[in-house]
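Student: Data: structure-v8.pdb, PDB, C-alpha atoms and all ligand atoms.
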```
ATOM      1  CA  MET A   1     113.655  92.592  98.517  1.00  0.00           C
ATOM      2  CA  ARG A   2     112.967  96.258  98.188  1.00  0.00           C
ATOM      3  CA  ARG A   3     111.171  97.753 101.142  1.00  0.00           C
ATOM      4  CA  GLY A   4     108.422  99.048  98.871  1.00  0.00           C
ATOM      5  CA  ALA A   5     107.792  95.567  97.542  1.00  0.00           C
ATOM      6  CA  GLN A   6     107.356  94.184 101.021  1.00  0.00           C
ATOM      7  CA  LYS A   7     104.961  96.949 101.914  1.00  0.00           C
ATOM      8  CA  GLU A   8     102.907  96.421  98.787  1.00  0.00           C
ATOM      9  CA  ARG A   9     102.647  92.730  99.448  1.00  0.00           C
ATOM     10  CA  HIS A  10     101.314  93.331 102.908  1.00  0.00           C
ATOM     11  CA  TYR A  11      98.726  95.763 101.591  1.00  0.00           C
ATOM     12  CA  CYS A  12      97.541  93.296  99.007  1.00  0.00           C
ATOM     13  CA  GLU A  13      97.428  90.350 101.347  1.00  0.00           C
ATOM     14  CA  ARG A  14      95.224  92.328 103.655  1.00  0.00           C
ATOM     15  CA  LEU A  15      92.926  93.276 100.809  1.00  0.00           C
ATOM     16  CA  PHE A  16      92.834  89.799  99.402  1.00  0.00           C
ATOM     17  CA  SER A  17      92.161  88.108 102.708  1.00  0.00           C
ATOM     18  CA  ALA A  18      89.149  90.337 103.128  1.00  0.00           C
ATOM     19  CA  ASN A  19      87.384  87.974 100.774  1.00  0.00           C
ATOM     20  CA  LYS A  20      87.328  85.464 103.604  1.00  0.00           C
ATOM     21  CA  LYS A  21      85.432  86.002 106.787  1.00  0.00           C
ATOM     22  CA  THR A  22      87.406  89.001 107.945  1.00  0.00           C
ATOM     23  CA  THR A  23      85.725  91.086 110.586  1.00  0.00           C
ATOM     24  CA  HIS A  24      86.430  94.164 112.603  1.00  0.00           C
ATOM     25  CA  GLU A  25      87.400  91.844 115.444  1.00  0.00           C
ATOM     26  CA  ASN A  26      90.002  89.679 113.767  1.00  0.00           C
ATOM     27  CA  VAL A  27      91.678  92.625 112.054  1.00  0.00           C
ATOM     28  CA  HIS A  28      92.580  93.636 115.582  1.00  0.00           C
ATOM     29  CA  LEU A  29      93.716  90.180 116.673  1.00  0.00           C
ATOM     30  CA  THR A  30      97.101  90.482 115.059  1.00  0.00           C
ATOM     31  CA  MET A  31      99.499  91.271 117.922  1.00  0.00           C
ATOM     32  CA  LYS A  32     100.849  88.416 120.053  1.00  0.00           C
ATOM     33  CA  TYR A  33     103.692  89.970 121.981  1.00  0.00           C
ATOM     34  CA  CYS A  34     104.188  93.342 123.608  1.00  0.00           C
ATOM     35  CA  SER A  35     106.489  95.573 121.569  1.00  0.00           C
ATOM     36  CA  GLN A  36     107.595  97.297 124.789  1.00  0.00           C
ATOM     37  CA  CYS A  37     108.666  94.297 126.863  1.00  0.00           C
ATOM     38  CA  GLY A  38     108.217  91.160 124.743  1.00  0.00           C
ATOM     39  CA  GLN A  39     105.635  89.464 126.981  1.00  0.00           C
ATOM     40  CA  PRO A  40     102.413  88.017 125.512  1.00  0.00           C
ATOM     41  CA  VAL A  41      99.558  90.523 125.260  1.00  0.00           C
ATOM     42  CA  GLU A  42      95.915  90.019 126.142  1.00  0.00           C
ATOM     43  CA  HIS A  43      92.987  91.215 124.066  1.00  0.00           C
ATOM     44  CA  LYS A  44      90.609  92.950 126.425  1.00  0.00           C
ATOM     45  CA  ILE A  45      88.762  96.182 127.107  1.00  0.00           C
ATOM     46  CA  PRO A  46      91.000  98.450 129.203  1.00  0.00           C
ATOM     47  CA  SER A  47      89.465 100.268 132.137  1.00  0.00           C
ATOM     48  CA  GLY A  48      87.678 103.383 130.929  1.00  0.00           C
ATOM     49  CA  ASP A  49      87.699 102.269 127.287  1.00  0.00           C
ATOM     50  CA  ASN A  50      84.830 100.854 125.226  1.00  0.00           C
ATOM     51  CA  ARG A  51      86.428  98.293 122.922  1.00  0.00           C
ATOM     52  CA  PRO A  52      89.049  95.538 123.080  1.00  0.00           C
ATOM     53  CA  ARG A  53      92.724  96.476 122.784  1.00  0.00           C
ATOM     54  CA  HIS A  54      95.990  94.603 123.016  1.00  0.00           C
ATOM     55  CA  VAL A  55      96.990  95.077 126.620  1.00  0.00           C
ATOM     56  CA  CYS A  56     100.256  93.926 128.189  1.00  0.00           C
ATOM     57  CA  GLY A  57      99.743  92.463 131.650  1.00  0.00           C
ATOM     58  CA  HIS A  58     103.456  92.746 132.364  1.00  0.00           C
ATOM     59  CA  CYS A  59     104.286  96.408 131.604  1.00  0.00           C
ATOM     60  CA  GLN A  60     100.643  97.625 131.308  1.00  0.00           C
ATOM     61  CA  ALA A  61     101.201  99.098 127.843  1.00  0.00           C
ATOM     62  CA  ILE A  62      98.045  99.463 125.735  1.00  0.00           C
ATOM     63  CA  HIS A  63      98.710  98.946 122.023  1.00  0.00           C
ATOM     64  CA  TYR A  64      96.248 100.837 119.850  1.00  0.00           C
ATOM     65  CA  ILE A  65      95.825  99.651 116.273  1.00  0.00           C
ATOM     66  CA  ASN A  66      94.251 102.174 113.922  1.00  0.00           C
ATOM     67  CA  PRO A  67      93.392 102.164 110.210  1.00  0.00           C
ATOM     68  CA  LYS A  68      96.073 102.697 107.576  1.00  0.00           C
ATOM     69  CA  ILE A  69      95.952 104.950 104.553  1.00  0.00           C
ATOM     70  CA  VAL A  70      96.722 103.641 101.083  1.00  0.00           C
ATOM     71  CA  ALA A  71      97.433 106.417  98.586  1.00  0.00           C
ATOM     72  CA  GLY A  72      97.632 106.182  94.828  1.00  0.00           C
ATOM     73  CA  THR A  73      96.830 107.830  91.532  1.00  0.00           C
ATOM     74  CA  LEU A  74      94.592 107.449  88.536  1.00  0.00           C
ATOM     75  CA  PRO A  75      97.206 108.409  85.917  1.00  0.00           C
ATOM     76  CA  VAL A  76      95.769 109.880  82.726  1.00  0.00           C
ATOM     77  CA  TYR A  77      97.533 110.515  79.449  1.00  0.00           C
ATOM     78  CA  GLY A  78      95.337 111.897  76.678  1.00  0.00           C
ATOM     79  CA  ASP A  79      92.189 109.797  76.767  1.00  0.00           C
ATOM     80  CA  ARG A  80      93.927 106.773  78.215  1.00  0.00           C
ATOM     81  CA  ILE A  81      94.572 105.453  81.735  1.00  0.00           C
ATOM     82  CA  LEU A  82      97.789 103.923  83.025  1.00  0.00           C
ATOM     83  CA  LEU A  83      97.425 100.530  84.698  1.00  0.00           C
ATOM     84  CA  CYS A  84     100.037  98.221  86.235  1.00  0.00           C
ATOM     85  CA  LYS A  85     100.001  94.441  85.893  1.00  0.00           C
ATOM     86  CA  ARG A  86     100.954  92.931  89.221  1.00  0.00           C
ATOM     87  CA  ALA A  87     104.218  91.010  89.431  1.00  0.00           C
ATOM     88  CA  ILE A  88     103.565  89.591  92.894  1.00  0.00           C
ATOM     89  CA  GLU A  89     100.966  87.440  94.617  1.00  0.00           C
ATOM     90  CA  PRO A  90      98.192  87.730  95.465  1.00  0.00           C
ATOM     91  CA  ARG A  91      96.379  88.818  92.333  1.00  0.00           C
ATOM     92  CA  LEU A  92      99.539  88.247  90.306  1.00  0.00           C
ATOM     93  CA  GLY A  93      98.827  89.101  86.694  1.00  0.00           C
ATOM     94  CA  PHE A  94      95.842  91.313  87.575  1.00  0.00           C
ATOM     95  CA  TRP A  95      95.772  95.017  86.773  1.00  0.00           C
ATOM     96  CA  THR A  96      95.803  97.807  89.315  1.00  0.00           C
ATOM     97  CA  LEU A  97      96.249 101.523  89.734  1.00  0.00           C
ATOM     98  CA  PRO A  98      99.564 102.440  91.379  1.00  0.00           C
ATOM     99  CA  ALA A  99      98.981 102.720  95.135  1.00  0.00           C
ATOM    100  CA  GLY A 100     100.466 101.727  98.466  1.00  0.00           C
ATOM    101  CA  PHE A 101     100.765 102.497 102.154  1.00  0.00           C
ATOM    102  CA  MET A 102     101.805 105.967 103.201  1.00  0.00           C
ATOM    103  CA  GLU A 103     105.174 106.227 104.875  1.00  0.00           C
ATOM    104  CA  MET A 104     105.854 108.237 108.010  1.00  0.00           C
ATOM    105  CA  GLN A 105     106.731 111.902 107.312  1.00  0.00           C
ATOM    106  CA  GLU A 106     104.866 111.812 103.982  1.00  0.00           C
ATOM    107  CA  THR A 107     101.780 113.671 102.862  1.00  0.00           C
ATOM    108  CA  THR A 108      99.052 111.776 101.016  1.00  0.00           C
ATOM    109  CA  SER A 109      99.985 113.439  97.730  1.00  0.00           C
ATOM    110  CA  GLU A 110     103.672 112.630  98.194  1.00  0.00           C
ATOM    111  CA  ALA A 111     102.794 109.003  98.878  1.00  0.00           C
ATOM    112  CA  ALA A 112     100.602 108.834  95.774  1.00  0.00           C
ATOM    113  CA  MET A 113     103.340 110.275  93.567  1.00  0.00           C
ATOM    114  CA  ARG A 114     106.012 108.020  95.077  1.00  0.00           C
ATOM    115  CA  GLU A 115     103.926 104.889  94.509  1.00  0.00           C
ATOM    116  CA  THR A 116     103.263 105.951  90.935  1.00  0.00           C
ATOM    117  CA  TRP A 117     106.979 106.275  90.372  1.00  0.00           C
ATOM    118  CA  GLU A 118     107.830 102.969  92.074  1.00  0.00           C
ATOM    119  CA  GLU A 119     105.220 100.869  90.305  1.00  0.00           C
ATOM    120  CA  ALA A 120     104.857 102.606  86.948  1.00  0.00           C
ATOM    121  CA  GLN A 121     108.079 104.621  86.663  1.00  0.00           C
ATOM    122  CA  ALA A 122     105.873 107.580  85.798  1.00  0.00           C
ATOM    123  CA  ARG A 123     106.183 111.171  86.984  1.00  0.00           C
ATOM    124  CA  VAL A 124     102.794 112.795  87.404  1.00  0.00           C
ATOM    125  CA  ASP A 125     101.165 116.146  88.072  1.00  0.00           C
ATOM    126  CA  LEU A 126      98.324 115.714  90.526  1.00  0.00           C
ATOM    127  CA  ASP A 127      94.944 117.109  89.539  1.00  0.00           C
ATOM    128  CA  GLY A 128      93.390 116.822  92.970  1.00  0.00           C
ATOM    129  CA  LEU A 129      91.781 114.242  95.219  1.00  0.00           C
ATOM    130  CA  TYR A 130      89.334 112.000  93.369  1.00  0.00           C
ATOM    131  CA  THR A 131      88.161 109.044  95.470  1.00  0.00           C
ATOM    132  CA  MET A 132      88.408 108.318  99.175  1.00  0.00           C
ATOM    133  CA  ILE A 133      87.110 104.849  99.956  1.00  0.00           C
ATOM    134  CA  SER A 134      86.857 103.389 103.457  1.00  0.00           C
ATOM    135  CA  VAL A 135      87.407  99.637 103.680  1.00  0.00           C
ATOM    136  CA  PRO A 136      86.538  99.180 107.347  1.00  0.00           C
ATOM    137  CA  HIS A 137      86.663  95.383 107.553  1.00  0.00           C
ATOM    138  CA  ILE A 138      90.400  95.483 106.814  1.00  0.00           C
ATOM    139  CA  GLY A 139      91.074  98.777 108.596  1.00  0.00           C
ATOM    140  CA  GLN A 140      92.135 100.786 105.549  1.00  0.00           C
ATOM    141  CA  VAL A 141      91.247 103.986 103.732  1.00  0.00           C
ATOM    142  CA  HIS A 142      92.193 104.183 100.057  1.00  0.00           C
ATOM    143  CA  ILE A 143      92.802 107.584  98.489  1.00  0.00           C
ATOM    144  CA  PHE A 144      93.246 108.118  94.746  1.00  0.00           C
ATOM    145  CA  TYR A 145      94.308 111.363  93.082  1.00  0.00           C
ATOM    146  CA  LEU A 146      93.612 112.236  89.491  1.00  0.00           C
ATOM    147  CA  ALA A 147      96.988 112.673  87.820  1.00  0.00           C
ATOM    148  CA  ASN A 148      98.504 113.544  84.465  1.00  0.00           C
ATOM    149  CA  VAL A 149     101.429 111.484  83.228  1.00  0.00           C
ATOM    150  CA  ILE A 150     104.259 113.889  82.408  1.00  0.00           C
ATOM    151  CA  ASN A 151     105.464 113.450  78.813  1.00  0.00           C
ATOM    152  CA  GLY A 152     103.633 110.131  78.596  1.00  0.00           C
ATOM    153  CA  GLU A 153     106.697 108.363  79.989  1.00  0.00           C
ATOM    154  CA  PHE A 154     106.362 105.162  82.019  1.00  0.00           C
ATOM    155  CA  ALA A 155     107.847 101.678  82.464  1.00  0.00           C
ATOM    156  CA  ALA A 156     107.294  98.622  84.623  1.00  0.00           C
ATOM    157  CA  GLY A 157     108.661  99.048  88.147  1.00  0.00           C
ATOM    158  CA  GLU A 158     109.874  96.085  90.212  1.00  0.00           C
ATOM    159  CA  GLU A 159     106.370  95.199  91.364  1.00  0.00           C
ATOM    160  CA  SER A 160     104.882  95.297  87.878  1.00  0.00           C
ATOM    161  CA  LEU A 161     105.050  92.769  85.061  1.00  0.00           C
ATOM    162  CA  ASP A 162     103.799  95.340  82.624  1.00  0.00           C
ATOM    163  CA  VAL A 163     102.486  98.895  82.543  1.00  0.00           C
ATOM    164  CA  GLN A 164     100.165 100.043  79.779  1.00  0.00           C
ATOM    165  CA  LEU A 165      97.871 102.859  78.751  1.00  0.00           C
ATOM    166  CA  PHE A 166      94.271 101.707  78.243  1.00  0.00           C
ATOM    167  CA  SER A 167      91.386 103.310  76.415  1.00  0.00           C
ATOM    168  CA  GLU A 168      88.013 102.925  78.096  1.00  0.00           C
ATOM    169  CA  SER A 169      86.991 100.193  75.662  1.00  0.00           C
ATOM    170  CA  ASP A 170      90.158  98.221  76.429  1.00  0.00           C
ATOM    171  CA  ILE A 171      90.066  98.263  80.230  1.00  0.00           C
ATOM    172  CA  PRO A 172      90.399  94.629  81.387  1.00  0.00           C
ATOM    173  CA  TRP A 173      87.425  94.789  83.777  1.00  0.00           C
ATOM    174  CA  ASP A 174      87.570  91.085  84.620  1.00  0.00           C
ATOM    175  CA  GLU A 175      91.226  91.341  85.543  1.00  0.00           C
ATOM    176  CA  ILE A 176      91.190  94.296  87.940  1.00  0.00           C
ATOM    177  CA  ALA A 177      93.006  93.369  91.137  1.00  0.00           C
ATOM    178  CA  PHE A 178      91.080  95.223  93.846  1.00  0.00           C
ATOM    179  CA  PRO A 179      87.607  96.662  94.401  1.00  0.00           C
ATOM    180  CA  THR A 180      88.745 100.192  95.251  1.00  0.00           C
ATOM    181  CA  VAL A 181      90.593 100.304  91.932  1.00  0.00           C
ATOM    182  CA  LYS A 182      87.564  99.050  90.029  1.00  0.00           C
ATOM    183  CA  ILE A 183      85.270 101.564  91.706  1.00  0.00           C
ATOM    184  CA  THR A 184      87.652 104.430  90.990  1.00  0.00           C
ATOM    185  CA  LEU A 185      87.950 103.479  87.315  1.00  0.00           C
ATOM    186  CA  GLN A 186      84.177 103.061  86.896  1.00  0.00           C
ATOM    187  CA  GLN A 187      83.586 106.442  88.499  1.00  0.00           C
ATOM    188  CA  TYR A 188      86.145 108.099  86.260  1.00  0.00           C
ATOM    189  CA  PHE A 189      84.585 106.923  83.015  1.00  0.00           C
ATOM    190  CA  GLN A 190      81.167 107.934  84.273  1.00  0.00           C
ATOM    191  CA  ASP A 191      82.396 111.418  85.231  1.00  0.00           C
ATOM    192  CA  ARG A 192      84.256 111.831  81.989  1.00  0.00           C
ATOM    193  CA  LYS A 193      80.956 111.889  80.098  1.00  0.00           C
ATOM    194  CA  ASN A 194      80.181 115.153  81.927  1.00  0.00           C
ATOM    195  CA  ASN A 195      83.761 116.401  81.997  1.00  0.00           C
ATOM    196  CA  SER A 196      83.289 116.923  85.724  1.00  0.00           C
ATOM    197  CA  PHE A 197      85.363 115.131  88.344  1.00  0.00           C
ATOM    198  CA  PRO A 198      84.162 115.897  91.857  1.00  0.00           C
ATOM    199  CA  VAL A 199      85.565 114.092  94.888  1.00  0.00           C
ATOM    200  CA  HIS A 200      83.768 110.828  95.647  1.00  0.00           C
ATOM    201  CA  VAL A 201      83.665 109.449  99.185  1.00  0.00           C
ATOM    202  CA  LYS A 202      82.569 105.827  99.434  1.00  0.00           C
ATOM    203  CA  ASP A 203      82.534 102.836 101.757  1.00  0.00           C
ATOM    204  CA  ILE A 204      82.935  99.238 100.674  1.00  0.00           C
ATOM    205  CA  HIS A 205      82.660  95.988 102.537  1.00  0.00           C
ATOM    206  CA  THR A 206      83.984  93.343 100.156  1.00  0.00           C
ATOM    207  CA  GLY A 207      87.522  92.304  99.325  1.00  0.00           C
ATOM    208  CA  ILE A 208      87.280  91.093  95.747  1.00  0.00           C
ATOM    209  CA  PRO A 209      85.744  92.990  92.836  1.00  0.00           C
ATOM    210  CA  GLU A 210      82.568  91.624  91.307  1.00  0.00           C
ATOM    211  CA  GLY A 211      82.699  89.804  88.005  1.00  0.00           C
TER     212      GLY A 211
HETATM  213 ZN    ZN A 301     104.681  94.872 127.878  1.00  0.00          ZN
END
```
Show me the file's structure as structure tokens.
Tutor:
Amino acid sequence: MRRGAQKERHYCERLFSANKKTTHENVHLTMKYCSQCGQPVEHKIPSGDNRPRHVCGHCQAIHYINPKIVAGTLPVYGDRILLCKRAIEPRLGFWTLPAGFMEMQETTSEAAMRETWEEAQARVDLDGLYTMISVPHIGQVHIFYLANVINGEFAAGEESLDVQLFSESDIPWDEIAFPTVKITLQQYFQDRKNNSFPVHVKDIHTGIPEG
């Protein structure tokens, strides 16, 4: 399996599981063994700290777990938007904007363009940051850039069953995979009425889009 596919799956499982009773606490209860020495870790508040961490009683290492950034694009071509139909569970068959976890050594814009290439086989020019949405209960921040699809060329990448351009009236609102994608699309069509696309910073606390 391609490394990108594995990464994407993890991202989606985290998002999907947020529909269940996922809390700040159990997001952090994911490490069992110390990555330094292999011994079991405890979950406790270290001396001088103010919240529980994974602490190794054997080598004393403290393992900090911090939020991850998911970067993607809202690819535009003419008056249409490029969406990808997911080829993998969960949310297989649902539509999404191309997005995924940043890699080390990447910038957010590089990550967004890479994901757009991997999932939609589309080269894009970025038009600037558009939405930045905190999803605290799963420890993620999702960033979407407005982007123009170069030459209108695209194809389904390995993680996509299909990739299509949609007019506003054809967006499959009931089949959008994730809430941050739905919010970003809704905001775009609202802003398009004014031909003004400022940056939107939002917080959400649910895992599955409404309706
Ligand atoms: Zn250890």
Student: When you look at Glu168 in chain A with a cut-off of 10 Å (counting only C-alpha atoms), what residues show up, excluding the ones that are within fewer than 5 positions of it in the same chain? I need them as a PyMOL selection string.
Tutor: chain A and resi 79-81+173+185-186+188-189
Student: Need the shell around range 109-118 of chain A: protein/DNA/RNA residues with any atom at most 7 Å away, counting only C-alpha atoms. Skip same-chain ones fewer than 6 positions apart. Format as a list in words?
Tutor: Ala71, Gly72, Thr73, Pro98, Ala99, Gly100, Met102, Val124 and Gly157 of chain A
Student: One decimal, Å: what's the distance from CA of Phe197 in chain A over to CA of Pro75 in chain A, could you say?
Tutor: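 Distance reported for this atom pair: 13.8 Å.
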Student: What's around Arg53 in chain A at 6 Å? Count all atoms listed in the file, leave out sequence neighbours fewer than 3 positions away in its own chain, and write the answer as an mmCIF file with C-alpha atoms, in the frame of the given file.
Tutor:
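Here's the written file out_23.cif:
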```cif
data_model
loop_
_atom_site.group_PDB
_atom_site.id
_atom_site.type_symbol
_atom_site.label_atom_id
_atom_site.label_comp_id
_atom_site.auth_asym_id
_atom_site.auth_seq_id
_atom_site.Cartn_x
_atom_site.Cartn_y
_atom_site.Cartn_z
ATOM 1 C CA HIS A 43 92.987 91.215 124.066
ATOM 2 C CA LYS A 44 90.609 92.950 126.425
ATOM 3 C CA ILE A 45 88.762 96.182 127.107
#
```
Student: Determine the nearest neighbour of Val135 in chain A from the options A:Tyr77, A:Pro40, A:Phe178, A:Thr30, counting only C-alpha atoms.
Tutor: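 For Val135 in chain A, the nearest of the given residues is A:Phe178.
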Student: State, in Å with one decimal place, the distance from CA of Lys193 in chain A to CA of Val76 in chain A.
Tutor: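 A separation of 15.2 Å between them.
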Student: Give as a PyMOL selection string the residues surrounding ligand ZN 301 (chain A) up to a distance of 10 Å, considering all atoms listed in the file.
Tutor: chain A and resi 33-41+54-63
Student: Deliver the residues from the most recent selection as a file, using C-alpha atoms, as an mmCIF file, in the coordinates of the input.
Tutor:
```
data_model
loop_
_atom_site.group_PDB
_atom_site.id
_atom_site.type_symbol
_atom_site.label_atom_id
_atom_site.label_comp_id
_atom_site.auth_asym_id
_atom_site.auth_seq_id
_atom_site.Cartn_x
_atom_site.Cartn_y
_atom_site.Cartn_z
ATOM 1 C CA TYR A 33 103.692 89.970 121.981
ATOM 2 C CA CYS A 34 104.188 93.342 123.608
ATOM 3 C CA SER A 35 106.489 95.573 121.569
ATOM 4 C CA GLN A 36 107.595 97.297 124.789
ATOM 5 C CA CYS A 37 108.666 94.297 126.863
ATOM 6 C CA GLY A 38 108.217 91.160 124.743
ATOM 7 C CA GLN A 39 105.635 89.464 126.981
ATOM 8 C CA PRO A 40 102.413 88.017 125.512
ATOM 9 C CA VAL A 41 99.558 90.523 125.260
ATOM 10 C CA HIS A 54 95.990 94.603 123.016
ATOM 11 C CA VAL A 55 96.990 95.077 126.620
ATOM 12 C CA CYS A 56 100.256 93.926 128.189
ATOM 13 C CA GLY A 57 99.743 92.463 131.650
ATOM 14 C CA HIS A 58 103.456 92.746 132.364
ATOM 15 C CA CYS A 59 104.286 96.408 131.604
ATOM 16 C CA GLN A 60 100.643 97.625 131.308
ATOM 17 C CA ALA A 61 101.201 99.098 127.843
ATOM 18 C CA ILE A 62 98.045 99.463 125.735
ATOM 19 C CA HIS A 63 98.710 98.946 122.023
#
```
Student: Could you jot down the CA of Leu92 in chain A to CA of Ala177 in chain A separation for me, Å, one decimal place?
Tutor: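 According to the coordinates, CA of Leu92 in chain A and CA of Ala177 in chain A are separated by 8.3 Å.
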Student: Within 8 Å of (102.0, 92.3, 85.8), in the coordinates the file gives, what residues turn up when you count only C-alpha atoms, written out as a list of chain:residue names?
Tutor: A:Cys84, A:Lys85, A:Arg86, A:Ala87, A:Ile88, A:Leu92, A:Gly93, A:Phe94, A:Trp95, A:Glu159, A:Ser160, A:Leu161, A:Asp162, A:Val163
Student: Which residue is closest to Pro198 in chain A? Choose from A:Val141, A:Met132, A:Ala156, A:Leu165 and count all atoms listed in the file.
Tutor: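 Ranking A:Val141, A:Met132, A:Ala156, A:Leu165 by distance to Pro198 in chain A, first place goes to A:Met132.
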Student: Given the file above and the PyMOL selection byres (((chain A and resi 203) around 7) and not hetatm), which residues are selected, and can you give them as a count of residues only?
Tutor: 6
Student: Please extract range 174-193 of chain A and write it out with C-alpha atoms, as a PDB file, in the first residue's frame.
Tutor:
```
ATOM      1  CA  ASP A 174     -25.804  14.422   1.412  1.00  0.00           C
ATOM      2  CA  GLU A 175     -22.715  12.524   0.344  1.00  0.00           C
ATOM      3  CA  ILE A 176     -19.952  14.786   1.658  1.00  0.00           C
ATOM      4  CA  ALA A 177     -17.481  12.741   3.679  1.00  0.00           C
ATOM      5  CA  PHE A 178     -16.381  15.118   6.442  1.00  0.00           C
ATOM      6  CA  PRO A 179     -17.693  18.191   8.251  1.00  0.00           C
ATOM      7  CA  THR A 180     -14.678  20.407   7.555  1.00  0.00           C
ATOM      8  CA  VAL A 181     -15.161  19.751   3.843  1.00  0.00           C
ATOM      9  CA  LYS A 182     -18.859  20.558   4.025  1.00  0.00           C
ATOM     10  CA  ILE A 183     -18.227  23.771   5.941  1.00  0.00           C
ATOM     11  CA  THR A 184     -15.553  24.877   3.486  1.00  0.00           C
ATOM     12  CA  LEU A 185     -17.811  24.234   0.488  1.00  0.00           C
ATOM     13  CA  GLN A 186     -20.789  26.021   2.076  1.00  0.00           C
ATOM     14  CA  GLN A 187     -18.611  29.011   2.890  1.00  0.00           C
ATOM     15  CA  TYR A 188     -17.250  29.147  -0.637  1.00  0.00           C
ATOM     16  CA  PHE A 189     -20.641  29.315  -2.315  1.00  0.00           C
ATOM     17  CA  GLN A 190     -21.754  31.945   0.161  1.00  0.00           C
ATOM     18  CA  ASP A 191     -18.644  34.062  -0.476  1.00  0.00           C
ATOM     19  CA  ARG A 192     -18.923  33.643  -4.203  1.00  0.00           C
ATOM     20  CA  LYS A 193     -22.134  35.685  -4.197  1.00  0.00           C
TER      21      LYS A 193
END
```
